[in-house]
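The structure under discussion appears below in the form of structure tokens.
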Amino acid sequence: PELPAPAQVSGEALPVRVSGQKLDALLGRSGELRVAMLRLEGHAESLEALRDDVTSLRGTVRGTRSETTLRRVELELARVARVLAQDRRALFQSSTGLDDEVRRSRMLPFEEGCTGLERAARDVAHGLGRRVRMEVHGGGLDLDRSLLQSLREPLLHLVRNAVAHGLEAPEERVRHGKPEEGRVVLSARLRGSRVEVAVEDDGRGLDLEALRERARARGMEAPEDDADAARLVFLPGLSTATKVTAVSGRGVGLDVVRAQVEALRGSVEVAFKAGQGTRFTLDVPLTLSTLRVLLVSAGGQTLALASEGVDRLLRLAPSDVREVEGRMSWVTPDALVPLASLAGVLDLPAGPPKARPSAVVLSAGTAQAALVVDEVIAEQEVLVRSLGSRVKRARHVAAAAVLPDGRMALLLNPASLVRAAGGRPSAHFFPTPKEQAARRRVVLADDSPTTRMLEQSILEGAGYDVVACADGAEAWERLQAGGADAMVMDVEMPRMDGFQVTEAVRTSPRFGRVPVVLVTSREKPEDKARGLQAGASAYIVKSAFDPTSLLETLRRLL
């Protein structure tokens with residue numbers, strides 16, 4: 001018989017099967033595009049700053065032929081800035097849209113990541129003569145494919161652990177008024193930019209006394225606090241099983257779970273009720289490819305911390321710190337938070353003590369720690385890259401972050417840092433009075449080599465760290481690059497004179513409070529008035545120059 005005509009295909013597109021590797025590569029390219037967009041944003045800000053510099057410079061040459069040229073440059077910079085801003089907006093919309101579409105194409109429901117776990121639970125239960133029913137809550141929640149793939153091994157460990165360690169034998173459950181069949185529940189829910197995955201059973205709960213005994217047998221301190229004692233289950237080699245089986249007794253499993261979750265920039269916590277059950281909660285980021293980070297410097301390195309793990313930033317004072325049992329703590333109204341140096345935790349060279357050091361307060365689950373850093377640099381979005389197959393485990397490091405300028409920074413593991421900070425011995429965070437004077441940084445500028453060398457010798461002899469410059473423009477550049485506690489300058493210098501540098505310092509949001517001492521041969525009252533009007537903190541005439549006067553002036557200003 002004649003075959004019927006094929007049915008008309010509706011306007012809906014047919015599904016296409018695409019390999020996960022191709023989607024991973026596409027997501028990587030999308031992330032690189034976002035980083036390029038961020039780099040373009042930085043160029044736009046630099047252009048605006050350059051335009052502002054030209055505007056201020058035009059005011060100093062008003063009435064000369066140079067003013068016309070600078071006005072033309074200023075207008076051209078304004079035009080380029082407008083075009084760049086339009087291109088940046090268009091690129092931002094395109095890159096954001098592409099990133100969203102790529103991520104949407106990679107999403108899978110949570111229940112797909114749980115495939116096979118029910119059978120694993122049944123197999124363990126059958127081998128131990130138990131009965132189990134597994135439930136999945138939030139199975140329709142869409143999560144990134146790579147995240148589900150990375151969570152599979154930890155979830156398998158936790159499900160097998162729940163059946164082997166948590167659930168009781170049927171007769172014991174009946175004695176305690178429970179149904180013969182045990183229950184294991186996997187659940188997932190979104191919490192902002194994080195995903196909370198839980199594995200919960202209705203078994204006996206944790207045996208804290210057994211955990212404490214095993215810890216003492218290994219020469220470890222057994223915590224009195226129940227919550228701290230419960231975390232002993234994550235230590236390698238510690239098991240409460242009375243005999244070794246295929247699924248328990250070796251003391252491996254939960255420490256692997258913690259390591260795998262922390263490699264995802266996440267944390268794992270445990271809670272229980274005696275006789276009612278145990279709950280393991282995994283907190284992991286929603287995406288593994290891009291991340292907003294806080295960049296800090298420590299030990300000469302630029303390092304990245306996930307912003308979601310940073311509670312707050314501090315400027316520490318001696319009154320904020322207390323030494324308790326040989327360890328330093330940051331004092332809060334509610335608790336004592338462990339305090340350590342980030343450079344010390346990472347075994348990097350320690351920076352010089354500061355009068356008000358910066359510290360970053362990190363949180364991992366319910367635990368906190370404050371880490372002193374050399375400098376807080378910026379907060380920005382970065383592309384996250386794996387350390388590669390050759391680097392299996394790097395202490396305190398989770399991944400590498402690609403910065404907008406193309407440089408790389410190590411992305412640190414907050415949970416690992418928090419644990420390490422709690423066990424660090426006392427450290428020296430604040431300078432002694434002698435160290436405080438010796439560490440002051442002074443930018444010195446004079447176009448006369450003889451005068452410059454003389455003043456540098458005087459300042460270094462008093463313990464100052466001196467940056468010597470040949471003119472005002474170099475002094476302004478060195479100030480912007482490395483900062484300073486004070487500036488000592490001549491007035492008559494090429495490129496930028498002392499008055500111009502002083503005005504630039506005073507109009508700078510970052511350096512506006514830096515003391516500026518002008519040391520000059522110009523001794524007319526109107527010259528001194530102009531210097532003070534420009535914002536100089538002190539005006540010293542070279543004809544009456546006295547080393548003691550210069551040092552006393554600096555001491556008073558600082």
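Just remember, in the structure tokens the first chain shown is A, the second B, etc., residues are 1-based per chain, and ligands are 1-based in the order shown.
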So that I can see what lies close to stretch 510-524 of chain A, please list as a compact mmCIF listing (two decimals) with N, CA, C and O atoms, in the first residue's frame the residues with an atom at most 9 Å from it, counting only C-alpha atoms and leaving out residues fewer than 5 positions away in the same chain.
# COMPACT_ATOMS: atom_id res chain seq x y z
N ASP A 446 64.54 65.90 44.11
CA ASP A 446 65.36 67.11 43.92
C ASP A 446 66.21 66.87 42.67
O ASP A 446 66.83 65.80 42.53
N LEU A 479 55.03 57.70 43.70
CA LEU A 479 53.98 57.76 44.73
C LEU A 479 52.79 56.91 44.30
O LEU A 479 52.24 56.14 45.10
N GLN A 480 52.37 57.05 43.05
CA GLN A 480 51.23 56.28 42.57
C GLN A 480 51.52 54.79 42.54
O GLN A 480 50.63 53.97 42.77
N GLY A 483 53.03 54.20 46.80
CA GLY A 483 52.56 54.92 47.96
C GLY A 483 53.71 55.50 48.77
O GLY A 483 54.89 55.29 48.46
N ALA A 484 53.40 56.24 49.81
CA ALA A 484 54.42 56.82 50.69
C ALA A 484 53.74 57.35 51.94
O ALA A 484 52.54 57.62 51.95
N ASP A 485 54.54 57.47 52.99
CA ASP A 485 54.05 58.09 54.22
C ASP A 485 54.24 59.61 54.20
O ASP A 485 53.54 60.33 54.92
N ALA A 486 55.21 60.08 53.40
CA ALA A 486 55.47 61.52 53.31
C ALA A 486 56.28 61.79 52.03
O ALA A 486 56.88 60.88 51.46
N MET A 487 56.27 63.07 51.61
CA MET A 487 57.06 63.49 50.46
C MET A 487 57.92 64.69 50.87
O MET A 487 57.43 65.60 51.56
N VAL A 488 59.18 64.69 50.43
CA VAL A 488 60.09 65.81 50.65
C VAL A 488 60.58 66.23 49.27
O VAL A 488 61.20 65.43 48.56
N MET A 489 60.33 67.52 48.87
CA MET A 489 60.59 67.91 47.48
C MET A 489 61.17 69.31 47.38
O MET A 489 60.86 70.19 48.19
N ASP A 490 61.98 69.47 46.34
CA ASP A 490 62.40 70.80 45.89
C ASP A 490 61.22 71.41 45.13
O ASP A 490 60.26 70.72 44.77
N VAL A 491 61.29 72.71 44.85
CA VAL A 491 60.25 73.37 44.06
C VAL A 491 60.65 73.44 42.59
O VAL A 491 59.90 73.04 41.70
N GLU A 492 61.84 73.94 42.31
CA GLU A 492 62.27 74.14 40.93
C GLU A 492 62.85 72.83 40.37
O GLU A 492 64.01 72.49 40.63
N GLY A 498 57.64 71.43 42.24
CA GLY A 498 57.11 71.03 43.54
C GLY A 498 55.70 71.50 43.78
O GLY A 498 54.89 70.79 44.41
N PHE A 499 55.35 72.70 43.27
CA PHE A 499 53.99 73.21 43.44
C PHE A 499 52.99 72.30 42.70
O PHE A 499 51.92 71.98 43.24
N THR A 502 52.53 68.99 44.47
CA THR A 502 51.73 69.17 45.70
C THR A 502 50.25 69.29 45.36
O THR A 502 49.40 68.68 46.03
N ALA A 504 48.77 68.07 42.72
CA ALA A 504 48.30 66.75 42.27
C ALA A 504 48.04 65.83 43.46
O ALA A 504 47.06 65.07 43.48
N VAL A 505 48.91 65.88 44.47
CA VAL A 505 48.72 65.06 45.66
C VAL A 505 47.45 65.44 46.39
O VAL A 505 46.65 64.59 46.80
N ALA A 529 53.83 81.56 50.32
CA ALA A 529 52.37 81.61 50.31
C ALA A 529 51.81 80.70 49.22
O ALA A 529 50.81 80.00 49.43
N GLY A 531 53.27 78.02 47.99
CA GLY A 531 53.47 76.64 48.39
C GLY A 531 52.41 76.17 49.37
O GLY A 531 51.85 75.07 49.24
N GLY A 535 49.00 73.44 49.06
CA GLY A 535 48.69 72.35 49.98
C GLY A 535 49.88 71.77 50.70
O GLY A 535 49.78 70.70 51.31
N ALA A 536 51.05 72.44 50.65
CA ALA A 536 52.23 71.93 51.33
C ALA A 536 52.00 71.89 52.84
O ALA A 536 51.39 72.80 53.42
N SER A 537 52.50 70.83 53.48
CA SER A 537 52.36 70.70 54.94
C SER A 537 53.40 71.54 55.66
O SER A 537 53.18 71.95 56.80
N ALA A 538 54.55 71.76 55.02
CA ALA A 538 55.62 72.58 55.61
C ALA A 538 56.48 73.14 54.48
O ALA A 538 56.56 72.55 53.39
N TYR A 539 57.14 74.30 54.77
CA TYR A 539 57.95 75.00 53.76
C TYR A 539 59.27 75.34 54.41
O TYR A 539 59.33 76.17 55.33
N ILE A 540 60.36 74.69 53.97
CA ILE A 540 61.68 74.89 54.56
C ILE A 540 62.59 75.53 53.52
O ILE A 540 62.72 75.03 52.40
N VAL A 541 63.23 76.64 53.90
CA VAL A 541 64.14 77.35 52.99
C VAL A 541 65.53 76.76 53.14
O VAL A 541 66.04 76.56 54.24
N LYS A 542 66.20 76.49 52.00
CA LYS A 542 67.50 75.82 52.01
C LYS A 542 68.58 76.67 52.69
O LYS A 542 69.51 76.12 53.30
N SER A 543 68.47 77.99 52.59
CA SER A 543 69.48 78.84 53.22
C SER A 543 69.49 78.68 54.73
O SER A 543 70.50 78.92 55.39
N PHE A 545 68.54 75.73 56.09
CA PHE A 545 68.31 74.29 56.24
C PHE A 545 69.09 73.72 57.42
O PHE A 545 70.26 74.00 57.59
N LEU A 550 64.40 69.41 59.69
CA LEU A 550 63.69 68.54 58.74
C LEU A 550 63.15 67.30 59.44
O LEU A 550 61.98 66.94 59.26
N THR A 553 60.29 68.15 61.74
CA THR A 553 59.08 68.45 60.97
C THR A 553 58.39 67.16 60.52
O THR A 553 57.17 67.01 60.64
N LEU A 554 59.20 66.23 60.01
CA LEU A 554 58.63 64.96 59.58
C LEU A 554 58.03 64.18 60.75
O LEU A 554 56.93 63.61 60.64
N LEU A 557 54.70 65.71 61.62
CA LEU A 557 53.66 65.47 60.61
C LEU A 557 53.21 64.01 60.59
O LEU A 557 52.04 63.71 60.28
N LEU A 558 54.11 63.10 60.92
CA LEU A 558 53.76 61.69 60.87
C LEU A 558 53.21 61.18 62.19
O LEU A 558 52.88 60.00 62.29
Can you check which residues of stretch 346-391 of chain A DSSP gives as strand (DSSP E) on the backbone and send them as an NGL selection string?
:A and (358-364 or 367-373 or 375-385)
Could the residues in this selection be saved with C-alpha atoms as a PDB file, in the first residue's frame?
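Result went into part_17.pdb, see below:
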ATOM      1  CA  SER A 358      44.683  44.923  56.970  1.00  0.00           C
ATOM      2  CA  ALA A 359      42.900  41.660  57.709  1.00  0.00           C
ATOM      3  CA  VAL A 360      40.334  39.563  55.850  1.00  0.00           C
ATOM      4  CA  VAL A 361      37.710  37.649  57.851  1.00  0.00           C
ATOM      5  CA  LEU A 362      36.907  34.336  56.135  1.00  0.00           C
ATOM      6  CA  SER A 363      34.096  31.928  56.906  1.00  0.00           C
ATOM      7  CA  ALA A 364      33.777  28.234  56.095  1.00  0.00           C
ATOM      8  CA  ALA A 367      33.922  28.446  61.455  1.00  0.00           C
ATOM      9  CA  GLN A 368      35.695  31.797  61.031  1.00  0.00           C
ATOM     10  CA  ALA A 369      39.247  33.114  60.934  1.00  0.00           C
ATOM     11  CA  ALA A 370      40.892  36.513  60.397  1.00  0.00           C
ATOM     12  CA  LEU A 371      43.982  36.582  58.174  1.00  0.00           C
ATOM     13  CA  VAL A 372      46.365  39.537  58.086  1.00  0.00           C
ATOM     14  CA  VAL A 373      47.436  40.521  54.536  1.00  0.00           C
ATOM     15  CA  GLU A 375      47.400  44.844  51.106  1.00  0.00           C
ATOM     16  CA  VAL A 376      43.830  44.541  49.831  1.00  0.00           C
ATOM     17  CA  ILE A 377      44.089  45.215  46.095  1.00  0.00           C
ATOM     18  CA  ALA A 378      40.662  44.994  44.434  1.00  0.00           C
ATOM     19  CA  GLU A 379      37.489  42.989  43.945  1.00  0.00           C
ATOM     20  CA  GLN A 380      36.733  41.746  40.423  1.00  0.00           C
ATOM     21  CA  GLU A 381      35.368  38.891  38.342  1.00  0.00           C
ATOM     22  CA  VAL A 382      37.905  36.322  37.129  1.00  0.00           C
ATOM     23  CA  LEU A 383      38.041  33.210  34.994  1.00  0.00           C
ATOM     24  CA  VAL A 384      38.739  30.072  37.040  1.00  0.00           C
ATOM     25  CA  ARG A 385      41.091  27.437  35.662  1.00  0.00           C
TER      26      ARG A 385
END
Atom CA of A:Ala49 to atom CA of A:Glu32, straight-line distance in Å
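So the answer is 26.0 Å.
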Filtered DSSP result for stretch 361-434 of chain A, state helix (DSSP H, G or I), as a list in words
Pro414, Ala415, Ser416, Leu417, Val418, Arg419, Ala420, Ala421, Gly422, Pro433 and Lys434 of chain A
Best match for closeness to A:Pro449 among A:Met107, A:Ala399, A:Ala462, A:Cys469, counting only C-alpha atoms
A:Cys469
Between atom CA of A:Ser66 and atom CA of A:Glu503, measure the distance and give it in Å to one decimal.
20.0 Å
Interatomic distance, atom CA of A:Ala306 to atom CA of A:Val293 (Å, one decimal):
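Rounded to one decimal, the two atoms are 4.4 Å apart.
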